[in-house]
>>> print(open('query.tsv').read())   # TSV, C-alpha atoms
chain	number	residue	atom	x	y	z
A	1	MET	CA	153.05	117.52	69.68
A	2	THR	CA	151.25	114.64	67.95
A	3	LEU	CA	150.78	116.83	64.87
A	4	LEU	CA	154.44	117.85	64.90
A	5	THR	CA	155.65	114.23	65.27
A	6	THR	CA	153.45	113.07	62.38
A	7	VAL	CA	154.50	116.00	60.16
A	8	PHE	CA	158.17	115.17	60.74
A	9	ALA	CA	157.49	111.50	59.96
A	10	ALA	CA	155.68	112.56	56.74
A	11	ILE	CA	158.56	114.84	55.70
A	12	ILE	CA	161.20	112.16	56.34
A	13	CYS	CA	159.18	109.55	54.40
A	14	THR	CA	158.66	111.95	51.50
A	15	ILE	CA	162.41	112.64	51.33
A	16	ILE	CA	163.14	108.88	51.33
A	17	TRP	CA	160.47	108.34	48.63
A	18	TYR	CA	161.89	111.16	46.47
A	19	LYS	CA	165.45	109.85	46.85
A	20	ASN	CA	164.45	106.39	45.58
A	21	ALA	CA	161.86	107.50	42.95
A	22	PRO	CA	160.84	106.22	40.44
A	23	ASN	CA	161.91	102.94	42.03
A	24	SER	CA	159.14	102.05	44.49
A	25	GLU	CA	160.16	98.56	45.55
A	26	MET	CA	159.90	99.42	49.23
A	27	LYS	CA	156.48	101.04	48.84
A	28	VAL	CA	157.48	104.09	50.91
A	29	GLY	CA	154.69	105.98	49.13
A	30	ILE	CA	152.16	104.19	51.36
A	31	LEU	CA	153.82	105.70	54.43
A	32	CYS	CA	153.82	109.16	52.82
A	33	TRP	CA	150.07	109.07	52.08
A	34	MET	CA	149.31	107.72	55.55
A	35	TYR	CA	151.36	110.30	57.48
A	36	TRP	CA	150.31	113.25	55.27
A	37	GLY	CA	146.65	112.24	55.61
A	38	ALA	CA	146.98	112.03	59.41
A	39	SER	CA	148.92	115.31	59.52
A	40	LEU	CA	146.17	117.15	57.62
A	41	MET	CA	143.52	115.72	59.92
A	42	TRP	CA	145.46	116.68	63.05
A	43	LEU	CA	146.02	120.12	61.58
A	44	VAL	CA	142.25	120.62	61.46
A	45	ASP	CA	142.02	119.33	65.02
A	46	ALA	CA	144.73	121.81	66.07
A	47	VAL	CA	142.94	124.72	64.37
A	48	PHE	CA	139.71	123.92	66.22
A	49	GLU	CA	141.63	123.60	69.49
A	50	TYR	CA	143.38	126.92	68.83
A	51	VAL	CA	140.03	128.65	68.23
A	52	GLU	CA	138.88	127.32	71.58
A	53	LEU	CA	142.04	127.92	73.65
A	54	LYS	CA	143.61	130.88	71.79
A	55	ALA	CA	147.25	131.57	72.84
A	56	GLU	CA	147.01	128.99	75.61
A	57	TYR	CA	147.21	126.35	72.89
A	58	PHE	CA	150.93	127.12	72.43
A	59	THR	CA	151.80	126.76	76.11
A	60	PRO	CA	150.78	123.23	77.05
A	61	ALA	CA	151.67	121.67	80.39
A	62	PRO	CA	154.88	119.58	80.24
A	63	VAL	CA	152.96	116.42	81.21
A	64	ASP	CA	150.46	116.96	78.37
A	65	MET	CA	153.31	117.60	75.96
A	66	LEU	CA	155.07	114.41	77.00
A	67	ASN	CA	151.86	112.40	76.69
A	68	ASP	CA	151.18	113.88	73.24
A	69	PHE	CA	154.74	113.09	72.14
A	70	TYR	CA	154.34	109.54	73.41
A	71	LEU	CA	151.09	109.30	71.41
A	72	GLY	CA	152.83	110.75	68.34
A	73	LEU	CA	155.60	108.14	68.54
A	74	SER	CA	153.01	105.39	68.96
A	75	VAL	CA	151.15	106.67	65.89
A	76	VAL	CA	154.38	106.64	63.87
A	77	ALA	CA	155.09	103.09	65.09
A	78	LEU	CA	151.56	101.96	64.10
A	79	GLY	CA	152.04	103.51	60.66
A	80	LEU	CA	155.32	101.62	60.26
A	81	ILE	CA	153.67	98.34	61.31
A	82	ILE	CA	150.83	98.85	58.77
A	83	TRP	CA	153.41	99.63	56.05
A	84	LEU	CA	155.46	96.54	56.97
A	85	VAL	CA	152.40	94.27	56.79
A	86	ILE	CA	151.44	95.70	53.36
A	87	LEU	CA	155.06	95.34	52.18
A	88	LEU	CA	155.26	91.70	53.26
A	89	ILE	CA	151.85	90.84	51.75
A	90	LYS	CA	152.50	92.58	48.42
A	91	ASP	CA	156.12	91.37	48.47
A	92	PRO	CA	157.34	93.47	45.49
A	93	LYS	CA	160.84	91.95	45.62
A	94	GLY	CA	159.52	88.39	45.89
A	95	VAL	CA	161.63	87.80	49.01
A	96	VAL	CA	158.81	86.26	51.09
A	97	LYS	CA	157.74	83.98	48.22
A	98	ALA	CA	161.33	82.90	47.66
A	99	ALA	CA	161.81	82.16	51.37
A	100	LEU	CA	158.53	80.24	51.67
A	101	PHE	CA	158.87	78.12	48.55
A	102	LYS	CA	162.59	77.46	48.88
A	103	LYS	CA	163.33	73.75	48.53
B	104	MET	CA	135.11	111.98	69.97
B	105	ALA	CA	134.36	110.34	66.63
B	106	CYS	CA	135.49	112.87	64.04
B	107	PHE	CA	137.43	110.19	62.14
B	108	ILE	CA	134.15	108.52	61.05
B	109	VAL	CA	133.52	111.24	58.44
B	110	PRO	CA	136.86	110.69	56.60
B	111	VAL	CA	136.31	106.90	56.92
B	112	ALA	CA	132.93	107.27	55.18
B	113	GLU	CA	134.55	109.33	52.42
B	114	ALA	CA	137.35	106.76	52.14
B	115	VAL	CA	134.80	103.95	51.62
B	116	VAL	CA	133.02	105.93	48.88
B	117	THR	CA	136.35	106.85	47.23
B	118	THR	CA	137.54	103.23	47.28
B	119	VAL	CA	134.33	102.03	45.60
B	120	ILE	CA	134.60	104.76	42.93
B	121	THR	CA	138.31	103.94	42.41
B	122	LYS	CA	137.47	100.26	41.77
B	123	ALA	CA	134.72	101.23	39.31
B	124	VAL	CA	136.92	103.73	37.45
B	125	LYS	CA	139.83	101.28	37.37
B	126	SER	CA	137.76	98.56	35.73
B	127	LYS	CA	136.57	101.13	33.14
B	128	ASP	CA	140.14	102.36	32.54
B	129	THR	CA	141.64	98.91	31.94
B	130	LYS	CA	139.00	97.60	29.51
B	131	PRO	CA	139.70	99.83	26.47
B	132	GLU	CA	143.47	99.64	27.07
B	133	ALA	CA	143.40	95.88	26.79
B	134	LEU	CA	141.50	96.11	23.52
B	135	LYS	CA	143.88	98.53	21.80
B	136	ALA	CA	147.17	97.87	23.47
B	137	ASP	CA	149.26	98.61	20.37
B	138	THR	CA	147.69	101.96	19.62
B	139	VAL	CA	148.20	103.62	22.97
B	140	SER	CA	148.63	107.31	22.22
B	141	PHE	CA	151.46	109.53	23.36
B	142	SER	CA	149.09	111.67	25.40
B	143	ALA	CA	147.51	108.58	26.97
B	144	LYS	CA	150.98	107.30	27.87
B	145	HIS	CA	151.82	110.57	29.60
B	146	LYS	CA	148.49	110.91	31.35
B	147	ILE	CA	148.08	109.44	34.78
B	148	PRO	CA	144.90	107.32	34.90
B	149	PHE	CA	142.14	108.90	36.97
B	150	SER	CA	141.83	105.70	39.02
B	151	ARG	CA	145.43	106.20	40.16
B	152	LYS	CA	144.71	109.77	41.13
B	153	LEU	CA	141.66	108.64	43.08
B	154	LYS	CA	143.85	106.11	44.86
B	155	TRP	CA	145.97	108.98	46.22
B	156	LEU	CA	142.86	110.40	47.87
B	157	SER	CA	141.70	107.07	49.28
B	158	ASN	CA	145.22	106.31	50.57
B	159	MET	CA	145.33	109.65	52.38
B	160	LEU	CA	141.84	109.21	53.80
B	161	TRP	CA	142.33	105.59	54.93
B	162	GLY	CA	145.80	106.21	56.35
B	163	GLY	CA	144.81	109.35	58.20
B	164	SER	CA	141.59	107.81	59.53
B	165	VAL	CA	143.33	104.69	60.85
B	166	LEU	CA	145.93	106.74	62.71
B	167	LEU	CA	143.26	109.11	64.00
B	168	ALA	CA	141.14	106.16	65.15
B	169	PHE	CA	144.17	104.94	67.11
B	170	GLU	CA	144.33	108.34	68.83
B	171	HIS	CA	140.68	107.93	69.84
B	172	VAL	CA	141.42	104.47	71.25
B	173	TRP	CA	144.35	106.01	73.15
B	174	HIS	CA	142.05	108.60	74.73
B	175	GLY	CA	139.39	106.00	75.57
B	176	GLU	CA	136.83	107.43	73.15
B	177	VAL	CA	136.67	104.23	71.11
B	178	VAL	CA	136.27	100.92	72.95
B	179	PRO	CA	136.19	97.32	71.68
B	180	TRP	CA	132.67	96.68	73.05
B	181	PHE	CA	129.20	97.91	72.07
B	182	PRO	CA	128.40	100.75	71.28
B	183	PHE	CA	132.14	101.13	70.51
B	184	LEU	CA	132.01	104.92	71.00
B	185	THR	CA	131.91	105.94	74.66
B	186	ALA	CA	130.01	109.12	73.75
B	187	ALA	CA	127.21	107.02	72.22
B	188	SER	CA	126.12	105.67	75.63
B	189	ASP	CA	124.99	109.08	76.90
B	190	PRO	CA	122.42	111.20	74.94
B	191	ALA	CA	124.06	114.52	75.92
B	192	GLU	CA	127.48	113.30	74.84
B	193	THR	CA	125.98	111.82	71.67
B	194	SER	CA	124.74	115.22	70.50
B	195	GLU	CA	128.16	116.69	71.30
B	196	MET	CA	129.77	113.88	69.30
B	197	LEU	CA	127.48	114.50	66.32
B	198	PHE	CA	128.29	118.21	66.46
B	199	GLU	CA	132.00	117.41	66.47
B	200	MET	CA	131.55	115.06	63.51
B	201	ALA	CA	129.68	117.80	61.62
B	202	THR	CA	132.34	120.42	62.31
B	203	VAL	CA	135.78	118.82	62.86
B	204	GLY	CA	135.07	115.61	60.91
B	205	VAL	CA	133.65	117.36	57.85
B	206	SER	CA	136.52	119.90	57.92
B	207	MET	CA	139.03	117.03	57.99
B	208	ALA	CA	137.43	115.37	54.98
B	209	LEU	CA	137.25	118.70	53.17
B	210	ILE	CA	140.88	119.68	53.76
B	211	VAL	CA	142.18	116.28	52.59
B	212	THR	CA	139.98	116.53	49.48
B	213	ALA	CA	141.10	120.14	48.90
B	214	VAL	CA	144.79	119.15	49.10
B	215	TRP	CA	144.07	116.30	46.65
B	216	GLY	CA	142.33	118.81	44.37
B	217	VAL	CA	145.44	121.02	44.36
B	218	MET	CA	147.53	117.94	43.58
B	219	LEU	CA	145.22	117.19	40.62
B	220	LEU	CA	145.65	120.71	39.28
B	221	VAL	CA	149.44	120.48	39.55
B	222	THR	CA	149.64	117.04	37.90
B	223	ASN	CA	147.23	118.11	35.13
B	224	ALA	CA	149.47	121.11	34.40
B	225	MET	CA	152.52	118.82	34.36
B	226	GLU	CA	150.79	116.39	31.98
B	227	LYS	CA	149.86	119.24	29.61
B	228	LYS	CA	153.47	120.50	29.73
B	229	ALA	CA	154.77	117.01	28.88
B	230	ILE	CA	152.39	116.72	25.91
B	231	LYS	CA	153.29	120.25	24.70
B	232	ALA	CA	156.99	119.40	24.91
B	233	HIS	CA	156.52	116.64	22.31
B	234	PRO	CA	154.44	118.27	19.51
B	235	ALA	CA	156.42	116.43	16.82
B	236	GLN	CA	155.30	113.03	18.05
B	237	ILE	CA	151.69	114.23	18.15
B	238	LYS	CA	151.90	115.55	14.52
B	239	GLU	CA	153.52	112.33	13.32
B	240	GLY	CA	150.34	110.54	14.20
B	241	CYS	CA	151.36	108.89	17.42
B	242	ILE	CA	148.03	109.97	18.85
>>> encode(input="query.tsv", output="structure tokens")
Amino acid sequence: MTLLTTVFAAIICTIIWYKNAPNSEMKVGILCWMYWGASLMWLVDAVFEYVELKAEYFTPAPVDMLNDFYLGLSVVALGLIIWLVILLIKDPKGVVKAALFKK
Amino acid sequence: MACFIVPVAEAVVTTVITKAVKSKDTKPEALKADTVSFSAKHKIPFSRKLKWLSNMLWGGSVLLAFEHVWHGEVVPWFPFLTAASDPAETSEMLFEMATVGVSMALIVTAVWGVMLLVTNAMEKKAIKAHPAQIKEGCI
């Protein structure tokens, strides 16, 4: 469920990035790299788990599924927070600078 | 347990290499800014391509580390990894790092490798599409 949540986040971010490309003022690319990197890593984790559990891997207990989904949402939220911090620090539109040094 | 440490290690190495390559890439460009060739203009600098890999590795590792914190495998006190406090669990952790961790680093690098092949093909296509400019001496 965590893998699925992250993959969906990566796909949505990639669509948003493609829609706005080549304009990268919002730095959505950072989110794409982050979510795709995490998705690939969780894919490996899932493959190893599948090798261990076989078909049982696809029938998780509802409580485990809910917990994994909760983790997936938290991971997406953390990714968004990291992206927001980078966006505000890099400030490609100069909005933060303008607000701070406004007389 | 601590599989994310392997991609983190690769991310550190990649970041250092990216910085080194970037400083090499920018030096000659600054010297001959007016004579930048057509092919150079259409070629993505290798430092930028390396940044794709380091972004994927850092991003993935950070989110994976959060998962480990979530499951109580990483703690904010020494030795930071719960498996490191017990010798039996430590060997299990090292085995996991050698299998899952290395596989994670390899798959991210493999995907980046495929991306490199695709972008290289696209660059070649862009240069081939403008043979006139190349003959005119733009390069």
>>> residues_around(input="query.tsv", residues="Trp42 (chain A)", least_positions_apart="3", cutoff="10 Å", atoms="only C-alpha atoms", output="list in words")
Thr2, Leu3, Leu4, Thr6, Val7, Trp36, Gly37, Ala38, Ser39, Asp45, Ala46, Val47 and Phe48 of chain A; Gly163, Leu166, Leu167, Val203 and Met207 of chain B
>>> closest_residue(input="query.tsv", among="B:Leu197, B:Met159, B:Met225, B:Val214", to="chain A", atoms="all atoms listed in the file")
B:Met159
>>> closest_atom_pairs(input="query.tsv", of="chain B", to="chain A", cutoff="12 Å", atoms="only C-alpha atoms", output="JSON lines")
{"residue": "B:Met104", "atom": "CA", "partner": "A:Asp45", "partner_atom": "CA", "distance": 11.2}
{"residue": "B:Ala105", "atom": "CA", "partner": "A:Asp45", "partner_atom": "CA", "distance": 11.9}
{"residue": "B:Cys106", "atom": "CA", "partner": "A:Asp45", "partner_atom": "CA", "distance": 9.2}
{"residue": "B:Phe107", "atom": "CA", "partner": "A:Met41", "partner_atom": "CA", "distance": 8.5}
{"residue": "B:Ile108", "atom": "CA", "partner": "A:Met41", "partner_atom": "CA", "distance": 11.9}
{"residue": "B:Val109", "atom": "CA", "partner": "A:Met41", "partner_atom": "CA", "distance": 11.1}
{"residue": "B:Pro110", "atom": "CA", "partner": "A:Met41", "partner_atom": "CA", "distance": 9.0}
{"residue": "B:Val111", "atom": "CA", "partner": "A:Gly37", "partner_atom": "CA", "distance": 11.7}
{"residue": "B:Ala114", "atom": "CA", "partner": "A:Gly37", "partner_atom": "CA", "distance": 11.3}
{"residue": "B:Lys154", "atom": "CA", "partner": "A:Trp33", "partner_atom": "CA", "distance": 10.0}
{"residue": "B:Trp155", "atom": "CA", "partner": "A:Trp33", "partner_atom": "CA", "distance": 7.2}
{"residue": "B:Leu156", "atom": "CA", "partner": "A:Trp33", "partner_atom": "CA", "distance": 8.5}
{"residue": "B:Ser157", "atom": "CA", "partner": "A:Trp33", "partner_atom": "CA", "distance": 9.0}
{"residue": "B:Asn158", "atom": "CA", "partner": "A:Trp33", "partner_atom": "CA", "distance": 5.8}
{"residue": "B:Met159", "atom": "CA", "partner": "A:Gly37", "partner_atom": "CA", "distance": 4.3}
{"residue": "B:Leu160", "atom": "CA", "partner": "A:Gly37", "partner_atom": "CA", "distance": 6.0}
{"residue": "B:Trp161", "atom": "CA", "partner": "A:Met34", "partner_atom": "CA", "distance": 7.3}
{"residue": "B:Gly162", "atom": "CA", "partner": "A:Met34", "partner_atom": "CA", "distance": 3.9}
{"residue": "B:Gly163", "atom": "CA", "partner": "A:Ala38", "partner_atom": "CA", "distance": 3.7}
{"residue": "B:Ser164", "atom": "CA", "partner": "A:Ala38", "partner_atom": "CA", "distance": 6.8}
{"residue": "B:Val165", "atom": "CA", "partner": "A:Ala38", "partner_atom": "CA", "distance": 8.3}
{"residue": "B:Leu166", "atom": "CA", "partner": "A:Val75", "partner_atom": "CA", "distance": 6.1}
{"residue": "B:Leu167", "atom": "CA", "partner": "A:Ala38", "partner_atom": "CA", "distance": 6.6}
{"residue": "B:Ala168", "atom": "CA", "partner": "A:Val75", "partner_atom": "CA", "distance": 10.1}
{"residue": "B:Phe169", "atom": "CA", "partner": "A:Val75", "partner_atom": "CA", "distance": 7.3}
{"residue": "B:Glu170", "atom": "CA", "partner": "A:Leu71", "partner_atom": "CA", "distance": 7.3}
{"residue": "B:His171", "atom": "CA", "partner": "A:Leu71", "partner_atom": "CA", "distance": 10.6}
{"residue": "B:Val172", "atom": "CA", "partner": "A:Leu71", "partner_atom": "CA", "distance": 10.8}
{"residue": "B:Trp173", "atom": "CA", "partner": "A:Leu71", "partner_atom": "CA", "distance": 7.7}
{"residue": "B:His174", "atom": "CA", "partner": "A:Leu71", "partner_atom": "CA", "distance": 9.7}
{"residue": "B:Glu199", "atom": "CA", "partner": "A:Phe48", "partner_atom": "CA", "distance": 10.1}
{"residue": "B:Met200", "atom": "CA", "partner": "A:Asp45", "partner_atom": "CA", "distance": 11.4}
{"residue": "B:Thr202", "atom": "CA", "partner": "A:Phe48", "partner_atom": "CA", "distance": 9.0}
{"residue": "B:Val203", "atom": "CA", "partner": "A:Asp45", "partner_atom": "CA", "distance": 6.6}
{"residue": "B:Gly204", "atom": "CA", "partner": "A:Met41", "partner_atom": "CA", "distance": 8.5}
{"residue": "B:Val205", "atom": "CA", "partner": "A:Val44", "partner_atom": "CA", "distance": 9.9}
{"residue": "B:Ser206", "atom": "CA", "partner": "A:Val44", "partner_atom": "CA", "distance": 6.8}
{"residue": "B:Met207", "atom": "CA", "partner": "A:Met41", "partner_atom": "CA", "distance": 5.1}
{"residue": "B:Ala208", "atom": "CA", "partner": "A:Met41", "partner_atom": "CA", "distance": 7.8}
{"residue": "B:Leu209", "atom": "CA", "partner": "A:Met41", "partner_atom": "CA", "distance": 9.7}
{"residue": "B:Ile210", "atom": "CA", "partner": "A:Leu40", "partner_atom": "CA", "distance": 7.0}
{"residue": "B:Val211", "atom": "CA", "partner": "A:Leu40", "partner_atom": "CA", "distance": 6.5}
{"residue": "B:Thr212", "atom": "CA", "partner": "A:Gly37", "partner_atom": "CA", "distance": 10.0}
{"residue": "B:Ala213", "atom": "CA", "partner": "A:Leu40", "partner_atom": "CA", "distance": 10.5}
{"residue": "B:Val214", "atom": "CA", "partner": "A:Leu40", "partner_atom": "CA", "distance": 8.9}
{"residue": "B:Trp215", "atom": "CA", "partner": "A:Gly37", "partner_atom": "CA", "distance": 10.2}
>>> atom_distance(input="query.tsv", atom1="CA of Val221 (chain B)", atom2="CA of Thr14 (chain A)")
17.3 Å
>>> closest_residue(input="query.tsv", among="A:Phe58, A:Val95, A:Phe101, A:Leu84", to="Met1 (chain A)", atoms="all atoms listed in the file")
A:Phe58
>>> atom_distance(input="query.tsv", atom1="CA of Lys93 (chain A)", atom2="CA of Glu25 (chain A)")
6.6 Å
>>> atom_distance(input="query.tsv", atom1="CA of Ala201 (chain B)", atom2="CA of Glu113 (chain B)")
13.4 Å
>>> residues_near_point(input="query.tsv", point="(157.5, 92.9, 51.9)", cutoff="12 Å", atoms="all atoms listed in the file", output="list in words")
Ser24, Glu25, Met26, Lys27, Val28, Ile81, Ile82, Trp83, Leu84, Val85, Ile86, Leu87, Leu88, Ile89, Lys90, Asp91, Pro92, Lys93, Gly94, Val95, Val96, Lys97, Ala98 and Ala99 of chain A
>>> closest_residue(input="query.tsv", among="A:Trp17, A:Thr5, A:Asn23, A:Leu100", to="Leu66 (chain A)", atoms="only C-alpha atoms")
A:Thr5
>>> build_atoms(input="query.tsv", residues="region 104-125 of chain B", atoms="N, CA and C atoms", output="PDB file, in the frame of the given file")
ATOM      1  N   MET B 104     136.088 112.974  69.515  1.00  0.00           N
ATOM      2  CA  MET B 104     135.110 111.980  69.970  1.00  0.00           C
ATOM      3  C   MET B 104     134.890 110.888  68.916  1.00  0.00           C
ATOM      4  N   ALA B 105     134.497 111.323  67.722  1.00  0.00           N
ATOM      5  CA  ALA B 105     134.360 110.340  66.630  1.00  0.00           C
ATOM      6  C   ALA B 105     134.521 111.015  65.282  1.00  0.00           C
ATOM      7  N   CYS B 106     135.348 112.081  65.257  1.00  0.00           N
ATOM      8  CA  CYS B 106     135.490 112.870  64.040  1.00  0.00           C
ATOM      9  C   CYS B 106     136.052 112.057  62.871  1.00  0.00           C
ATOM     10  N   PHE B 107     136.792 110.986  63.190  1.00  0.00           N
ATOM     11  CA  PHE B 107     137.430 110.190  62.140  1.00  0.00           C
ATOM     12  C   PHE B 107     136.408 109.421  61.290  1.00  0.00           C
ATOM     13  N   ILE B 108     135.175 109.294  61.785  1.00  0.00           N
ATOM     14  CA  ILE B 108     134.150 108.520  61.050  1.00  0.00           C
ATOM     15  C   ILE B 108     133.816 109.193  59.702  1.00  0.00           C
ATOM     16  N   VAL B 109     133.848 110.525  59.686  1.00  0.00           N
ATOM     17  CA  VAL B 109     133.520 111.240  58.440  1.00  0.00           C
ATOM     18  C   VAL B 109     134.561 110.926  57.339  1.00  0.00           C
ATOM     19  N   PRO B 110     135.887 111.070  57.636  1.00  0.00           N
ATOM     20  CA  PRO B 110     136.860 110.690  56.600  1.00  0.00           C
ATOM     21  C   PRO B 110     136.793 109.199  56.240  1.00  0.00           C
ATOM     22  N   VAL B 111     136.443 108.340  57.213  1.00  0.00           N
ATOM     23  CA  VAL B 111     136.310 106.900  56.920  1.00  0.00           C
ATOM     24  C   VAL B 111     135.193 106.692  55.892  1.00  0.00           C
ATOM     25  N   ALA B 112     134.062 107.383  56.113  1.00  0.00           N
ATOM     26  CA  ALA B 112     132.930 107.270  55.180  1.00  0.00           C
ATOM     27  C   ALA B 112     133.343 107.728  53.782  1.00  0.00           C
ATOM     28  N   GLU B 113     134.093 108.833  53.727  1.00  0.00           N
ATOM     29  CA  GLU B 113     134.550 109.330  52.420  1.00  0.00           C
ATOM     30  C   GLU B 113     135.533 108.340  51.784  1.00  0.00           C
ATOM     31  N   ALA B 114     136.370 107.727  52.637  1.00  0.00           N
ATOM     32  CA  ALA B 114     137.350 106.760  52.140  1.00  0.00           C
ATOM     33  C   ALA B 114     136.640 105.548  51.519  1.00  0.00           C
ATOM     34  N   VAL B 115     135.558 105.101  52.145  1.00  0.00           N
ATOM     35  CA  VAL B 115     134.800 103.950  51.620  1.00  0.00           C
ATOM     36  C   VAL B 115     134.231 104.307  50.240  1.00  0.00           C
ATOM     37  N   VAL B 116     133.614 105.485  50.151  1.00  0.00           N
ATOM     38  CA  VAL B 116     133.020 105.930  48.880  1.00  0.00           C
ATOM     39  C   VAL B 116     134.111 106.050  47.805  1.00  0.00           C
ATOM     40  N   THR B 117     135.245 106.656  48.185  1.00  0.00           N
ATOM     41  CA  THR B 117     136.350 106.850  47.230  1.00  0.00           C
ATOM     42  C   THR B 117     136.895 105.508  46.735  1.00  0.00           C
ATOM     43  N   THR B 118     137.013 104.542  47.662  1.00  0.00           N
ATOM     44  CA  THR B 118     137.540 103.230  47.280  1.00  0.00           C
ATOM     45  C   THR B 118     136.617 102.555  46.269  1.00  0.00           C
ATOM     46  N   VAL B 119     135.305 102.637  46.516  1.00  0.00           N
ATOM     47  CA  VAL B 119     134.330 102.030  45.600  1.00  0.00           C
ATOM     48  C   VAL B 119     134.430 102.694  44.220  1.00  0.00           C
ATOM     49  N   ILE B 120     134.502 104.034  44.207  1.00  0.00           N
ATOM     50  CA  ILE B 120     134.600 104.760  42.930  1.00  0.00           C
ATOM     51  C   ILE B 120     135.904 104.397  42.209  1.00  0.00           C
ATOM     52  N   THR B 121     137.005 104.295  42.997  1.00  0.00           N
ATOM     53  CA  THR B 121     138.310 103.940  42.410  1.00  0.00           C
ATOM     54  C   THR B 121     138.229 102.595  41.694  1.00  0.00           C
ATOM     55  N   LYS B 122     137.597 101.610  42.360  1.00  0.00           N
ATOM     56  CA  LYS B 122     137.470 100.260  41.770  1.00  0.00           C
ATOM     57  C   LYS B 122     136.673 100.336  40.471  1.00  0.00           C
ATOM     58  N   ALA B 123     135.583 101.114  40.499  1.00  0.00           N
ATOM     59  CA  ALA B 123     134.720 101.230  39.310  1.00  0.00           C
ATOM     60  C   ALA B 123     135.471 101.898  38.162  1.00  0.00           C
ATOM     61  N   VAL B 124     136.175 102.989  38.481  1.00  0.00           N
ATOM     62  CA  VAL B 124     136.920 103.730  37.450  1.00  0.00           C
ATOM     63  C   VAL B 124     138.063 102.874  36.903  1.00  0.00           C
ATOM     64  N   LYS B 125     138.702 102.116  37.781  1.00  0.00           N
ATOM     65  CA  LYS B 125     139.830 101.280  37.370  1.00  0.00           C
ATOM     66  C   LYS B 125     139.379 100.214  36.371  1.00  0.00           C
TER      67      LYS B 125
END
